[in-house]
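Undergrad: Submitted below is the structure of interest, expressed as structure tokens.
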Amino acid sequence: MPRTKKRSSNKVISDVLQKLSGDKIHFRIPPAAAMEEASMDTVADEGAEVSEDTAQEDFQYKLKGFIDSTVDKSAKTRQSALDGLKTAMANRILYEFISERRMTITDSIERCLKKGKGDEQRAAASLACLLCIQLGSGIESEEVLKTLKPIFKNILADTSAHIQARQAVATSLGLCTLVAEDDILDVFSTMECFENLFARSYAKGDGTFPSVNPQMSQLHTNALLSWALLLTICSGSQLKEVLRKHVHKLPGLLESDDVNMRIAAGETIALLFELARDMDADFEIDNYNDLCDKLSALATDCNKHRAKTDKRKQRSVFRDVLKAVEDGDFQSETIRFGTERMTIDSWVRKRTYDAFREFVGSGMNYHLQANEFIRDVFELGPPILVDSETMKAMKISRFERHLHNSAAFKARTKARSKFRDKRVDVGEF
């Protein structure tokens, strides 16, 4: 009954409207595309009202809030503030803003490293590194390192400190030293701190290896990678001393149970050989054949007790390491950013690029374009200014990109098919 009443009521309303208009009533719903277009126009109009200056002010206001929150009583709030500053520094160039507040940020990092625990210390150590990357090589970053280096070294040497803090400091101190240290003797002193850590994974006098848990092994790995990073700026005399002390011990780390340590050791050996051959083209070591056999075995590792992903990653790295040790070759890689390209054509450049990328992450391409210090490190020259219209003109359309990818896929499939056809089936006897 209620349904019938509703229908008759609707009919009465429709009849009244028809009499008033003299025509039938037509209700028309606009198409979805028109609604979407109108909506986008509205959003564009609203967005146009917000000026770029206002957006910048809002962003800086948020950053100031993060800086203030680094001294909050809540450890969770402090860590969240540190992470917010890290994200901002990784994805934008903030030199002017940071320069004005450098001492305040440094004091906050120092306080969090001294009084914080675990994750907070880890975040503070990473922020210190990003602060140096933003400030670049100069008196400002030197003062930051001068303040924080004693704390970093104390945490590294303190066996009672949280292991995550020690791991983060081992990585951060290496890159901070590369960026900000102005005395090569101080660089060598910092390298000795790293040696004191990763040397604990070396073989003992009787040829056996120490038992190292995974967390401690990661600390030793981070120390080894930072040590290798600083090798890239050592003098010739320092490099000869390093070769004398470590070139015969490093191959022992290739037998580590930790895949990350094996890979770090392999890449460090390749780096050492590259640097040594730059000084002496005929550089060789004792037990050279044994080293090549170890590298070859790791490049074709088929041990069933190891994870497939670990074996795949390891084989890929050690194929390149073996080529470096045997032939002095390097598998070059091209990095594209904006309208430019950069070639990673040596182990020195690879170790440096990987170190920066670990902190900057997805913002690496932006920093390669706009960060004057990083561009100077990779010899890219001053930043190239390209307006938005030029960038749009240079970008290919999605359809063109799809056609290019399809053609590449077809060519790859044909090449693989031909390769499979040439395989010889070997039967079982």
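Every chain in the structure tokens takes a letter, A first, then B, and so on in the order presented; its residues are numbered from 1, and the ligands are numbered from 1 following the presented order.
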Taking only segment 160-390 of chain A into account, list the residues labelled strand (DSSP E) by DSSP (computed from the backbone), as a ChimeraX atom specification.
TA: /A:333-337,340-344
Undergrad: Could you list, with a cut-off of 10 Å and counting only C-alpha atoms, the residues of segment 80-111 of chain A near segment 143-165 of chain A, each shown with its nearest atom pair and the distance in Å rounded to one decimal, rows sorted by chain and ascending number, as a Markdown table?
TA:
```
| residue | atom | partner | partner_atom | distance |
| --- | --- | --- | --- | --- |
| A:Arg102 | CA | A:Val144 | CA | 8.1 |
| A:Met103 | CA | A:Val144 | CA | 8.0 |
| A:Ile105 | CA | A:Val144 | CA | 9.5 |
| A:Thr106 | CA | A:Val144 | CA | 6.4 |
| A:Asp107 | CA | A:Thr147 | CA | 8.8 |
| A:Ile109 | CA | A:Leu148 | CA | 8.3 |
| A:Glu110 | CA | A:Leu148 | CA | 6.5 |
```
Undergrad: What are the closest atom pairs, with distances in Å to one decimal, for each residue of segment 163-250 of chain A lying within 12 Å of segment 287-294 of chain A, using only C-alpha atoms, rows by chain and rising residue number, as a Markdown table?
TA:
```
| residue | atom | partner | partner_atom | distance |
| --- | --- | --- | --- | --- |
| A:Val247 | CA | A:Leu291 | CA | 10.7 |
| A:His248 | CA | A:Asn287 | CA | 8.5 |
| A:Lys249 | CA | A:Leu291 | CA | 11.0 |
| A:Leu250 | CA | A:Leu291 | CA | 10.1 |
```
Undergrad: Save out the residues we just selected, N, CA, C and O atoms, as an mmCIF file, in the first residue's frame.
TA:
```cif
data_model
loop_
_atom_site.group_PDB
_atom_site.id
_atom_site.type_symbol
_atom_site.label_atom_id
_atom_site.label_comp_id
_atom_site.auth_asym_id
_atom_site.auth_seq_id
_atom_site.Cartn_x
_atom_site.Cartn_y
_atom_site.Cartn_z
ATOM 1 N N VAL A 247 95.044 -6.857 2.433
ATOM 2 C CA VAL A 247 94.744 -7.522 1.168
ATOM 3 C C VAL A 247 94.790 -9.049 1.287
ATOM 4 O O VAL A 247 94.133 -9.756 0.516
ATOM 5 N N HIS A 248 95.535 -9.588 2.249
ATOM 6 C CA HIS A 248 95.609 -11.041 2.415
ATOM 7 C C HIS A 248 94.571 -11.571 3.417
ATOM 8 O O HIS A 248 94.332 -12.777 3.476
ATOM 9 N N LYS A 249 93.959 -10.653 4.186
ATOM 10 C CA LYS A 249 92.967 -11.073 5.180
ATOM 11 C C LYS A 249 91.536 -10.948 4.668
ATOM 12 O O LYS A 249 90.657 -11.721 5.064
ATOM 13 N N LEU A 250 91.300 -9.978 3.796
ATOM 14 C CA LEU A 250 89.944 -9.752 3.295
ATOM 15 C C LEU A 250 89.339 -10.981 2.608
ATOM 16 O O LEU A 250 88.141 -11.249 2.774
#
```
Undergrad: Counting only C-alpha atoms, which of A:Ala228, A:Ile93, A:Met191, A:Cys112 gets nearest to Ala81 of chain A?
TA: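 Checking each candidate against Ala81 of chain A, we get A:Cys112 as the closest.
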Undergrad: Provide the atom CA of Glu284 of chain A to atom CA of Leu243 of chain A distance in Å, to one decimal place.
TA: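 Distance reported for this atom pair: 11.0 Å.
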Undergrad: Which neighbours of segment 65-69 of chain A fall inside 12 Å, counting only C-alpha atoms, when residues of the same chain fewer than 6 positions from it are skipped, and could you give them as a list in words?
TA: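 In the requested format, the answer is Asp58, Phe59, Ala75, Lys76, Thr77, Arg78, Gln79, Ser80, Ala81, Leu82, Asp83, Gly84, Leu85, Lys86, Thr87, Ala88, Phe97, Ile98, Arg101, Arg102, Met103, Thr104, Ile105, Thr106, Asp107, Ser108, Ile109, Cys112 and Leu127 of chain A.
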Undergrad: List the neighbours of Asp182 of chain A out to 12 Å using only C-alpha atoms; skip same-chain residues closer than 2 positions along the sequence, and give me the result as a ChimeraX atom specification.
TA: /A:137-143,145-146,176-180,184-188,233
Undergrad: Kindly give the distance, in Å, that separates atom CA of Lys240 of chain A and atom CA of Trp347 of chain A, rounded to a single decimal.
TA: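 Straight-line distance from atom CA of Lys240 of chain A to atom CA of Trp347 of chain A works out to 18.0 Å.
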Undergrad: Which residue is closest to Thr208 of chain A? Choose from A:Leu368, A:Leu253, A:Ile285, A:Ala123 and count only C-alpha atoms.
TA: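 Closest residue, counting only C-alpha atoms: A:Leu253.
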Undergrad: Rounded to one decimal in Å, what is the spacing between atom CA of Ala124 of chain A and atom CA of Asn91 of chain A?
TA: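 Atom-to-atom, atom CA of Ala124 of chain A to atom CA of Asn91 of chain A, that is 17.3 Å.
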Undergrad: Check the smallest atom-to-atom distance from each of A:Gly361, A:Val212, A:Phe378, A:Leu175 to Ile344 of chain A using only C-alpha atoms, then report the winner.
TA: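 That would be A:Phe378, the residue with the smallest distance to Ile344 of chain A.
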Undergrad: Calculated over only C-alpha atoms, which of the candidates A:Arg122, A:Lys204, A:His367, A:Lys73 has the smallest distance to Ser172 of chain A?
TA: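 Selected residue with least distance to Ser172 of chain A: A:Arg122.
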Undergrad: Which residue gives the smallest distance to Val321 of chain A among A:Val360, A:Cys302, A:Leu380, A:Leu271, with only C-alpha atoms counted?
TA: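 Distance minimum relative to Val321 of chain A lands on A:Leu271.
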